[in-house]
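Engineer: Supplied structure: final-v4.txt, compact mmCIF, C-alpha atoms.
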```txt
# COMPACT_ATOMS: atom_id res chain seq x y z
CA MET A 81 -60.83 19.28 -12.69
CA ARG A 82 -57.61 19.07 -10.72
CA ALA A 83 -54.15 18.87 -12.28
CA ARG A 84 -50.55 19.26 -11.14
CA LEU A 85 -48.25 21.78 -12.77
CA ARG A 86 -44.52 21.22 -13.01
CA GLY A 87 -42.95 24.51 -14.02
CA PRO A 88 -39.53 26.18 -13.99
CA ASN A 89 -39.94 27.30 -10.36
CA GLY A 90 -41.42 24.13 -8.89
CA ALA A 91 -44.72 22.28 -8.59
CA SER A 92 -48.23 23.55 -7.89
CA THR A 93 -51.84 22.48 -8.33
CA VAL A 94 -54.72 23.95 -10.32
CA THR A 95 -58.37 23.26 -9.52
CA LEU A 96 -61.15 24.23 -11.95
CA ALA A 97 -64.92 23.79 -12.12
CA ASP A 98 -66.47 21.12 -14.35
CA ASP A 99 -67.63 23.80 -16.81
CA ALA A 100 -64.21 25.49 -17.08
CA ILE A 101 -62.86 26.26 -20.52
CA VAL A 102 -59.31 26.13 -21.86
CA ALA A 103 -58.89 29.87 -21.33
CA ASP A 104 -59.51 29.36 -17.60
CA LEU A 105 -56.72 26.80 -17.46
CA LEU A 106 -54.31 29.04 -19.36
CA LYS A 107 -55.06 31.89 -16.96
CA GLN A 108 -54.30 29.70 -13.93
CA ILE A 109 -51.07 28.47 -15.47
CA THR A 110 -49.96 32.08 -16.01
CA GLU A 111 -50.85 32.97 -12.41
CA LYS A 112 -49.09 29.91 -10.96
CA THR A 113 -45.91 30.15 -13.03
CA SER A 114 -45.69 33.89 -13.80
CA LEU A 115 -44.93 32.94 -17.41
CA PRO A 116 -46.67 35.13 -20.01
CA SER A 117 -45.91 32.67 -22.82
CA PHE A 118 -45.38 28.95 -22.38
CA ASP A 119 -45.61 25.45 -23.83
CA VAL A 120 -47.65 22.72 -22.12
CA LYS A 121 -46.93 19.00 -22.18
CA TYR A 122 -48.70 16.09 -20.51
CA GLY A 123 -48.07 12.45 -19.63
CA TYR A 124 -44.80 10.58 -19.38
CA PRO A 125 -42.72 10.99 -21.43
CA PRO A 126 -44.27 14.46 -21.84
CA LYS A 127 -46.18 15.04 -25.08
CA PRO A 128 -47.32 18.42 -26.48
CA LEU A 129 -50.81 19.49 -25.40
CA ASP A 130 -52.82 21.57 -27.85
CA LEU A 131 -54.67 24.32 -25.96
CA SER A 132 -55.21 26.60 -28.93
CA GLN A 133 -59.03 26.29 -28.82
CA THR A 134 -59.44 28.52 -25.80
CA ALA A 135 -63.25 28.51 -25.81
CA HIS A 136 -63.55 24.70 -25.63
CA LEU A 137 -64.62 23.00 -22.42
CA ILE A 138 -61.72 21.26 -20.73
CA LYS A 139 -63.79 18.14 -20.14
CA ASP A 140 -64.35 17.84 -23.92
CA LEU A 141 -60.64 17.70 -24.77
CA GLU A 142 -59.32 14.43 -26.17
CA VAL A 143 -56.82 14.29 -23.32
CA LYS A 144 -58.42 13.88 -19.89
CA LEU A 145 -56.58 16.34 -17.67
CA ASP A 146 -58.17 15.49 -14.32
CA GLY A 147 -55.36 14.06 -12.18
CA GLU A 148 -52.81 14.68 -14.93
CA GLN A 149 -49.39 16.26 -14.50
CA LEU A 150 -48.68 19.13 -16.88
CA THR A 151 -45.12 20.19 -17.67
CA ILE A 152 -44.86 23.93 -18.27
CA SER A 153 -41.87 25.50 -20.00
CA ALA A 154 -41.26 29.07 -21.08
CA LYS A 155 -41.34 29.76 -24.80
CA ASP A 156 -38.06 31.03 -26.16
CA GLU A 157 -38.16 34.81 -26.53
CA PRO A 158 -36.43 36.57 -29.45
CA LYS A 159 -32.84 37.37 -28.59
CA VAL A 160 -33.39 41.08 -29.26
CA ASP A 161 -35.54 41.26 -26.13
CA ALA A 162 -33.02 39.58 -23.85
CA ALA A 163 -30.68 42.52 -23.35
CA PRO A 164 -33.19 45.00 -21.83
CA ILE A 165 -34.48 42.32 -19.44
CA ALA A 166 -30.99 41.39 -18.29
CA SER A 167 -30.09 45.05 -17.89
CA GLN A 168 -33.14 45.76 -15.78
CA SER A 169 -32.49 42.74 -13.56
CA ALA A 170 -28.85 43.69 -13.05
CA SER A 171 -29.65 47.27 -12.09
CA SER A 172 -32.13 46.20 -9.41
CA THR A 173 -29.65 44.04 -7.46
CA PRO A 174 -26.21 45.16 -6.24
CA LYS A 175 -23.51 43.18 -8.05
CA GLU A 176 -21.75 42.21 -4.84
CA ASN A 177 -24.91 40.38 -3.67
CA GLN A 178 -25.33 38.39 -6.85
CA PRO A 179 -24.14 34.77 -7.11
CA PRO A 180 -22.33 33.68 -10.29
CA ALA A 181 -24.71 33.72 -13.27
CA SER A 182 -26.13 30.39 -14.39
CA SER A 183 -28.71 29.60 -17.04
CA ASP A 184 -29.73 26.46 -15.14
CA PRO A 185 -30.07 27.26 -11.41
CA LYS A 186 -29.21 24.51 -8.98
CA PRO A 187 -32.35 22.92 -7.41
CA ILE A 188 -32.76 23.62 -3.72
CA SER A 189 -32.22 20.97 -1.06
CA LEU A 190 -35.50 20.95 0.83
CA LYS A 191 -36.07 18.84 3.95
CA LYS A 192 -39.49 17.85 5.28
CA GLU A 193 -40.69 18.46 8.82
CA LYS A 194 -40.83 15.13 10.66
CA MET A 195 -44.14 13.49 11.59
CA LYS A 196 -44.75 14.06 15.30
CA ALA A 197 -47.57 11.55 15.82
CA ASP A 198 -47.39 7.77 15.53
CA VAL A 199 -47.23 6.39 12.01
CA PRO A 200 -50.66 4.86 11.20
CA GLU A 201 -51.08 1.12 10.66
CA ILE A 202 -53.97 -0.64 8.89
CA PRO A 203 -55.16 -4.16 9.86
CA PHE A 204 -55.15 -6.72 7.05
CA PRO A 205 -56.67 -9.75 8.86
CA GLU A 206 -57.42 -11.61 5.61
CA ARG A 207 -53.66 -11.99 5.19
CA GLY A 208 -52.71 -12.18 8.86
CA ALA A 209 -50.84 -8.93 8.52
CA THR A 210 -50.72 -5.19 9.09
CA VAL A 211 -50.14 -2.58 6.40
CA VAL A 212 -47.42 -0.17 7.54
CA LEU A 213 -45.67 2.96 6.31
CA ARG A 214 -41.91 2.49 6.52
CA VAL A 215 -40.59 6.05 6.87
CA MET A 216 -37.41 6.81 4.95
CA PRO A 217 -34.62 9.06 6.26
CA ASP A 218 -34.94 12.69 5.18
CA ASP A 219 -31.61 12.89 3.37
CA ASN A 220 -32.57 13.92 -0.20
CA SER A 221 -32.29 10.26 -1.26
CA CYS A 222 -35.75 9.33 0.03
CA LEU A 223 -37.12 8.29 -3.38
CA PHE A 224 -34.12 6.09 -4.10
CA ARG A 225 -34.25 4.65 -0.57
CA ALA A 226 -37.99 4.02 -0.78
CA PHE A 227 -37.63 2.21 -4.09
CA ALA A 228 -34.56 0.26 -2.99
CA ALA A 229 -36.26 -0.77 0.26
CA ALA A 230 -39.20 -2.12 -1.73
CA ALA A 231 -37.62 -3.63 -4.83
CA LEU A 232 -33.95 -4.44 -4.22
CA PRO A 233 -32.55 -7.36 -2.17
CA THR A 234 -30.25 -5.17 -0.09
CA GLY A 235 -31.59 -1.61 -0.34
CA ASP A 236 -28.60 -0.34 1.62
CA ASP A 237 -26.59 2.87 1.36
CA ALA A 238 -24.44 1.39 -1.40
CA SER A 239 -27.51 1.20 -3.64
CA MET A 240 -28.07 4.97 -3.68
CA PRO A 241 -25.15 6.00 -5.95
CA GLU A 242 -25.79 2.93 -8.13
CA LEU A 243 -29.42 3.94 -8.71
CA ARG A 244 -28.44 7.54 -9.37
CA ALA A 245 -25.82 6.42 -11.90
CA LEU A 246 -28.38 4.16 -13.57
CA VAL A 247 -30.77 7.11 -14.00
CA ALA A 248 -28.01 9.30 -15.43
CA GLY A 249 -26.98 6.60 -17.87
CA MET A 250 -30.54 6.10 -19.12
CA ILE A 251 -30.99 9.85 -19.64
CA GLN A 252 -27.77 10.05 -21.66
CA SER A 253 -28.74 7.02 -23.75
CA GLN A 254 -32.13 8.46 -24.76
CA PRO A 255 -31.57 12.16 -25.59
CA GLU A 256 -34.66 12.25 -27.80
CA ILE A 257 -36.85 11.56 -24.73
CA TYR A 258 -34.95 13.33 -21.94
CA THR A 259 -34.62 16.76 -23.50
CA LYS A 260 -33.88 20.09 -21.83
CA VAL A 261 -37.63 20.85 -21.77
CA VAL A 262 -38.43 17.59 -19.97
CA LEU A 263 -35.55 17.88 -17.49
CA GLU A 264 -35.92 21.66 -17.08
CA GLN A 265 -32.16 22.03 -17.43
CA ASP A 266 -29.38 20.91 -19.71
CA PRO A 267 -29.30 17.06 -19.78
CA ASP A 268 -25.57 16.91 -18.98
CA ASP A 269 -26.08 19.23 -16.00
CA TYR A 270 -29.05 17.14 -14.87
CA CYS A 271 -27.01 13.94 -15.07
CA ARG A 272 -24.23 15.48 -12.97
CA TRP A 273 -26.77 16.82 -10.46
CA ILE A 274 -28.81 13.62 -10.03
CA GLN A 275 -25.62 11.75 -9.08
CA THR A 276 -24.96 14.06 -6.13
CA PRO A 277 -26.33 13.12 -2.66
CA ASP A 278 -28.28 16.41 -2.45
CA ALA A 279 -30.44 15.68 -5.52
CA TRP A 280 -33.94 14.34 -4.91
CA GLY A 281 -35.78 12.36 -7.54
CA GLY A 282 -39.36 12.33 -8.81
CA ALA A 283 -41.45 11.22 -11.77
CA ILE A 284 -38.52 11.06 -14.20
CA GLU A 285 -36.56 8.79 -11.90
CA MET A 286 -39.56 6.56 -11.12
CA GLY A 287 -40.21 6.13 -14.82
CA ILE A 288 -36.62 5.04 -15.42
CA LEU A 289 -36.32 2.77 -12.38
CA SER A 290 -39.66 1.04 -12.97
CA SER A 291 -38.74 0.33 -16.59
CA HIS A 292 -35.22 -0.88 -15.83
CA PHE A 293 -36.30 -3.25 -13.04
CA ASP A 294 -39.53 -4.20 -14.85
CA ILE A 295 -41.79 -3.41 -11.89
CA GLU A 296 -44.84 -1.19 -11.59
CA ILE A 297 -44.41 1.67 -9.14
CA CYS A 298 -47.67 2.93 -7.65
CA SER A 299 -46.98 6.34 -6.15
CA ILE A 300 -49.80 7.60 -3.90
CA ASP A 301 -50.02 11.37 -3.43
CA VAL A 302 -51.13 11.97 0.16
CA LYS A 303 -52.71 15.37 -0.52
CA SER A 304 -54.97 14.25 -3.39
CA LEU A 305 -54.94 10.44 -2.87
CA ARG A 306 -54.16 10.16 -6.57
CA VAL A 307 -52.27 7.04 -7.69
CA ASP A 308 -49.58 7.63 -10.32
CA ARG A 309 -48.51 4.40 -12.02
CA PHE A 310 -45.14 3.92 -13.68
CA ASN A 311 -44.52 0.95 -15.99
CA GLU A 312 -48.19 0.05 -15.53
CA GLY A 313 -49.05 -3.55 -16.36
CA ALA A 314 -45.79 -5.10 -15.12
CA ALA A 315 -46.06 -8.50 -13.44
CA ASN A 316 -45.19 -7.11 -10.00
CA ARG A 317 -45.70 -3.82 -8.19
CA CYS A 318 -44.42 -1.85 -5.23
CA ILE A 319 -46.15 1.07 -3.52
CA LEU A 320 -44.54 4.37 -2.56
CA VAL A 321 -46.14 7.27 -0.70
CA TYR A 322 -45.46 10.84 -1.85
CA SER A 323 -46.13 13.66 0.61
CA GLY A 324 -45.06 16.66 -1.44
CA ILE A 325 -41.30 16.61 -0.98
CA HIS A 326 -40.73 13.15 0.52
CA TYR A 327 -41.19 9.47 -0.36
CA ASP A 328 -41.84 6.53 1.96
CA THR A 329 -42.60 2.83 1.37
CA ILE A 330 -45.74 0.76 1.99
CA VAL A 331 -45.17 -2.74 3.38
CA GLN A 332 -47.27 -5.69 4.55
CA SER A 333 -45.95 -6.92 7.89
CA PRO A 334 -47.03 -10.28 9.41
CA SER A 335 -48.74 -9.71 12.75
CA GLU A 336 -50.84 -11.31 15.47
CA PRO A 337 -54.64 -10.82 15.79
CA PRO A 338 -56.31 -8.35 15.78
CA HIS A 339 -53.51 -7.17 13.42
CA THR A 340 -53.70 -3.55 14.57
CA LYS A 341 -49.98 -3.40 15.42
CA ALA A 342 -46.98 -4.47 13.39
CA ASN A 343 -44.39 -5.69 15.88
CA ASN A 344 -42.25 -7.91 13.68
CA PRO A 345 -38.88 -6.71 12.35
CA PRO A 346 -38.81 -5.06 8.90
CA GLU A 347 -36.84 -8.03 7.56
CA LEU A 348 -40.14 -9.97 7.47
CA ASP A 349 -41.99 -7.32 5.47
CA LEU A 350 -43.66 -8.12 2.17
CA ARG A 351 -42.86 -5.22 -0.15
CA ILE A 352 -43.69 -6.52 -3.63
CA TRP A 353 -47.08 -7.76 -4.79
CA PRO A 354 -48.54 -9.15 -8.03
CA GLY A 355 -49.45 -6.39 -10.47
CA ASP A 356 -53.16 -7.29 -10.24
CA ASP A 357 -53.28 -7.26 -6.41
CA ASP A 358 -55.72 -4.40 -5.92
CA ALA A 359 -56.52 -5.36 -2.32
CA ILE A 360 -53.15 -4.10 -1.07
CA LEU A 361 -53.63 -0.91 -3.05
CA VAL A 362 -56.97 -0.32 -1.31
CA LYS A 363 -55.33 -0.81 2.10
CA ALA A 364 -52.49 1.54 1.13
CA LEU A 365 -55.03 4.20 0.13
CA ASP A 366 -56.81 3.74 3.49
CA LEU A 367 -53.49 4.37 5.24
CA CYS A 368 -52.79 7.43 3.10
CA GLN A 369 -56.23 8.81 3.92
CA ILE A 370 -55.24 8.72 7.59
CA LEU A 371 -51.97 10.44 6.73
CA GLN A 372 -53.97 13.08 4.88
CA GLY A 373 -56.03 13.68 8.02
CA LYS A 374 -52.80 14.15 9.97
CA ASN A 375 -51.63 16.73 7.38
CA TYR A 376 -48.71 14.49 6.43
CA TYR A 377 -48.16 16.32 3.18
CA THR A 378 -46.46 19.48 2.01
CA ASP A 379 -48.11 22.17 -0.09
CA THR A 380 -45.03 23.23 -2.05
CA ALA A 381 -46.78 26.34 -3.38
CA GLY A 382 -47.48 27.90 0.02
CA MET A 383 -45.48 26.08 2.70
CA ALA A 384 -43.27 27.94 5.15
CA ILE A 385 -39.59 27.30 4.47
CA GLN A 386 -36.60 28.38 6.53
CA CYS A 387 -33.19 28.87 5.01
CA GLN A 388 -30.76 26.86 7.14
CA ILE A 389 -27.94 29.28 6.38
CA CYS A 390 -29.38 32.76 7.01
CA HIS A 391 -32.57 31.53 8.79
CA ALA A 392 -34.90 33.66 6.64
CA VAL A 393 -38.48 32.32 6.47
CA ILE A 394 -40.02 32.34 2.99
CA TYR A 395 -43.20 30.87 1.53
CA GLY A 396 -43.50 28.43 -1.33
CA GLN A 397 -40.97 26.56 -3.42
CA ALA A 398 -40.87 29.30 -6.05
CA GLN A 399 -39.79 31.93 -3.49
CA ALA A 400 -37.30 29.46 -2.03
CA GLN A 401 -35.72 28.96 -5.45
CA THR A 402 -35.53 32.73 -5.94
CA HIS A 403 -33.91 33.15 -2.52
CA ALA A 404 -31.40 30.43 -3.38
CA SER A 405 -30.57 31.99 -6.73
CA GLN A 406 -30.03 35.44 -5.19
CA THR A 407 -28.02 34.35 -2.14
CA GLY A 408 -26.42 31.02 -3.06
CA HIS A 409 -28.19 29.42 -0.05
CA TYR A 410 -29.66 26.05 -1.10
CA ASP A 411 -30.14 24.25 2.22
CA MET A 412 -33.84 24.66 3.18
CA GLN A 413 -36.13 23.13 5.83
CA GLU A 414 -39.92 23.04 5.97
CA VAL A 415 -41.17 24.70 9.19
CA LYS A 416 -44.48 25.26 10.90
CA THR A 417 -45.61 28.81 11.62
CA ALA A 418 -48.14 30.04 14.17
CA SER A 419 -50.85 30.07 11.52
CA SER A 420 -50.12 26.61 10.08
```
Represent the structure contained in this file as structure tokens.

Structural biologist:
Amino acid sequence: MRARLRGPNGASTVTLADDAIVADLLKQITEKTSLPSFDVKYGYPPKPLDLSQTAHLIKDLEVKLDGEQLTISAKDEPKVDAAPIASQSASSTPKENQPPASSDPKPISLKKEKMKADVPEIPFPERGATVVLRVMPDDNSCLFRAFAAAALPTGDDASMPELRALVAGMIQSQPEIYTKVVLEQDPDDYCRWIQTPDAWGGAIEMGILSSHFDIEICSIDVKSLRVDRFNEGAANRCILVYSGIHYDTIVQSPSEPPHTKANNPPELDLRIWPGDDDAILVKALDLCQILQGKNYYTDTAGMAIQCQICHAVIYGQAQAQTHASQTGHYDMQEVKTASS
């Protein structure tokens, strides 16, 4: 069983044997998130997951967790315990080195290392075309750009703030769905943040955009080759590629035999397909398998990250968030080390 965790300090993955029990999952969640007490939700919008029967086999649960994303949030502690914890934290760090206190820390701005090899292309001779990955700029708007490039007539820079504003408006109009637990920060703060150019989107934004534009988004995770579907069953679909901290777009480009090279301009790309066109999805998965072999994905739990302000190298998104909270440095870049 393999599932993704989305916790207060970032995303990670848990992998368990087929005979694992609920207690094994709870132990891994504690280890990955460092939370002694937590609530677990699944699906989209997130729904509470009952893990109280700790001796039950995971595979026997009513909810199939293999390939699922689990949202982990800390349980509220009694207020009487808050003072000693705050006091201990304050005494361990000199006050002059502490940034202004905030209950909802600003998410880090994390840029992906660029692909050094050629972008793979997959022949699609049955359609006289080549399946291509159109790589989006690494500017924290990659999800919005990837979606706009696929689904909107223009998909230009002017679309980015419009899409961000659309997401914020939908969140504010449905407070019963987009709660502080789901957003992992106060909804008003989230809405302000998502409208800034440094904010990068994910599952929440794909759910909103796919519903608003009535299109199915198939998001392929390069590391696991899992396909996450948003607004599944819509008449049309587009395909995005997720590599850990970055999104790109799959297109079908007309080409000459043997269709191994796409040499036509992007303006001729086909970017939207019927919702039941599984052939293009198979080709997209073939392309992502090649990307996987080229290590075109980011393990957010253990990747090497360099702060672009003080140049410190840290490991994993959780440590990066801690570094940002302690220093006020939020501009980060994925880097390769000698061992990676």

Engineer: Out of A:Leu246, A:Ala384, A:Met286, A:Val212, which residue has the shortest atom-to-atom distance to Leu367 of chain A when counting only C-alpha atoms?

Structural biologist: A:Val212

Engineer: Which of these residues is nearest to Asp294 of chain A, using all atoms listed in the file: A:Ser153, A:Thr340, A:Asp130, A:Ala231?

Structural biologist: A:Ala231

Engineer: Please provide the set of residues having any atom within 7 Å of segment 356-366 of chain A, restricted to all atoms listed in the file, with same-chain residues fewer than 2 positions apart removed, written as a PyMOL selection string.

Structural biologist: chain A and resi 202+211+305+330+353-354+368-370

Engineer: Within 9 Å of Thr210 of chain A, counting only C-alpha atoms, which residues show up once you throw out same-chain ones fewer than 4 positions away? Write them as an MDAnalysis selection string, please.

Structural biologist: chainID A and resid 201:205 331:336 339:342

Engineer: Any idea what the distance is between atom CA of His326 of chain A and atom CA of Tyr258 of chain A?

Structural biologist: 23.2 Å

Engineer: Could I see segment 197-227 of chain A restored to N, CA and C atoms, set down as a CSV table (one decimal), in the frame of the given file?

Structural biologist:
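Saved file selection16.csv follows:
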```
chain,number,residue,atom,x,y,z
A,197,ALA,N,-46.7,12.6,15.3
A,197,ALA,CA,-47.6,11.6,15.8
A,197,ALA,C,-47.1,10.2,15.4
A,198,ASP,N,-47.7,9.1,15.9
A,198,ASP,CA,-47.4,7.8,15.5
A,198,ASP,C,-47.8,7.5,14.1
A,199,VAL,N,-46.9,6.7,13.4
A,199,VAL,CA,-47.2,6.4,12.0
A,199,VAL,C,-48.4,5.4,12.0
A,200,PRO,N,-49.5,5.7,11.2
A,200,PRO,CA,-50.7,4.9,11.2
A,200,PRO,C,-50.4,3.5,10.7
A,201,GLU,N,-51.2,2.5,11.1
A,201,GLU,CA,-51.1,1.1,10.7
A,201,GLU,C,-52.5,0.6,10.4
A,202,ILE,N,-52.7,-0.2,9.3
A,202,ILE,CA,-54.0,-0.6,8.9
A,202,ILE,C,-54.0,-2.2,9.0
A,203,PRO,N,-55.0,-2.7,9.8
A,203,PRO,CA,-55.2,-4.2,9.9
A,203,PRO,C,-55.5,-4.8,8.5
A,204,PHE,N,-54.9,-6.0,8.3
A,204,PHE,CA,-55.2,-6.7,7.0
A,204,PHE,C,-55.4,-8.2,7.5
A,205,PRO,N,-56.5,-8.4,8.3
A,205,PRO,CA,-56.7,-9.8,8.9
A,205,PRO,C,-56.8,-10.9,7.8
A,206,GLU,N,-57.3,-10.6,6.6
A,206,GLU,CA,-57.4,-11.6,5.6
A,206,GLU,C,-56.1,-12.2,5.3
A,207,ARG,N,-55.0,-11.5,5.5
A,207,ARG,CA,-53.7,-12.0,5.2
A,207,ARG,C,-52.8,-12.1,6.4
A,208,GLY,N,-53.4,-12.0,7.6
A,208,GLY,CA,-52.7,-12.2,8.9
A,208,GLY,C,-51.6,-11.2,9.0
A,209,ALA,N,-51.9,-9.9,8.6
A,209,ALA,CA,-50.8,-8.9,8.5
A,209,ALA,C,-51.4,-7.5,8.8
A,210,THR,N,-50.4,-6.6,8.9
A,210,THR,CA,-50.7,-5.2,9.1
A,210,THR,C,-50.0,-4.4,8.0
A,211,VAL,N,-50.7,-3.4,7.4
A,211,VAL,CA,-50.1,-2.6,6.4
A,211,VAL,C,-49.5,-1.4,7.1
A,212,VAL,N,-48.2,-1.1,6.8
A,212,VAL,CA,-47.4,-0.2,7.5
A,212,VAL,C,-46.7,0.8,6.6
A,213,LEU,N,-46.5,2.0,7.0
A,213,LEU,CA,-45.7,3.0,6.3
A,213,LEU,C,-44.3,2.9,6.9
A,214,ARG,N,-43.3,2.5,6.1
A,214,ARG,CA,-41.9,2.5,6.5
A,214,ARG,C,-41.3,3.8,6.1
A,215,VAL,N,-41.0,4.7,7.1
A,215,VAL,CA,-40.6,6.0,6.9
A,215,VAL,C,-39.1,6.1,6.5
A,216,MET,N,-38.8,6.7,5.4
A,216,MET,CA,-37.4,6.8,5.0
A,216,MET,C,-36.7,8.0,5.6
A,217,PRO,N,-35.4,7.9,5.7
A,217,PRO,CA,-34.6,9.1,6.3
A,217,PRO,C,-34.8,10.3,5.3
A,218,ASP,N,-34.8,11.4,5.9
A,218,ASP,CA,-34.9,12.7,5.2
A,218,ASP,C,-33.6,13.2,4.8
A,219,ASP,N,-33.0,12.6,3.7
A,219,ASP,CA,-31.6,12.9,3.4
A,219,ASP,C,-31.5,13.2,1.9
A,220,ASN,N,-32.6,13.6,1.2
A,220,ASN,CA,-32.6,13.9,-0.2
A,220,ASN,C,-32.5,12.7,-1.1
A,221,SER,N,-32.3,11.5,-0.5
A,221,SER,CA,-32.3,10.3,-1.3
A,221,SER,C,-33.5,9.4,-1.0
A,222,CYS,N,-34.6,10.1,-0.4
A,222,CYS,CA,-35.8,9.3,0.0
A,222,CYS,C,-36.4,8.5,-1.1
A,223,LEU,N,-36.5,9.1,-2.3
A,223,LEU,CA,-37.1,8.3,-3.4
A,223,LEU,C,-36.3,7.1,-3.7
A,224,PHE,N,-35.0,7.2,-3.8
A,224,PHE,CA,-34.1,6.1,-4.1
A,224,PHE,C,-34.1,5.1,-3.0
A,225,ARG,N,-34.2,5.6,-1.7
A,225,ARG,CA,-34.2,4.6,-0.6
A,225,ARG,C,-35.6,3.9,-0.5
A,226,ALA,N,-36.7,4.6,-0.8
A,226,ALA,CA,-38.0,4.0,-0.8
A,226,ALA,C,-38.1,2.9,-1.8
A,227,PHE,N,-37.6,3.2,-3.0
A,227,PHE,CA,-37.6,2.2,-4.1
A,227,PHE,C,-36.7,1.0,-3.8
```
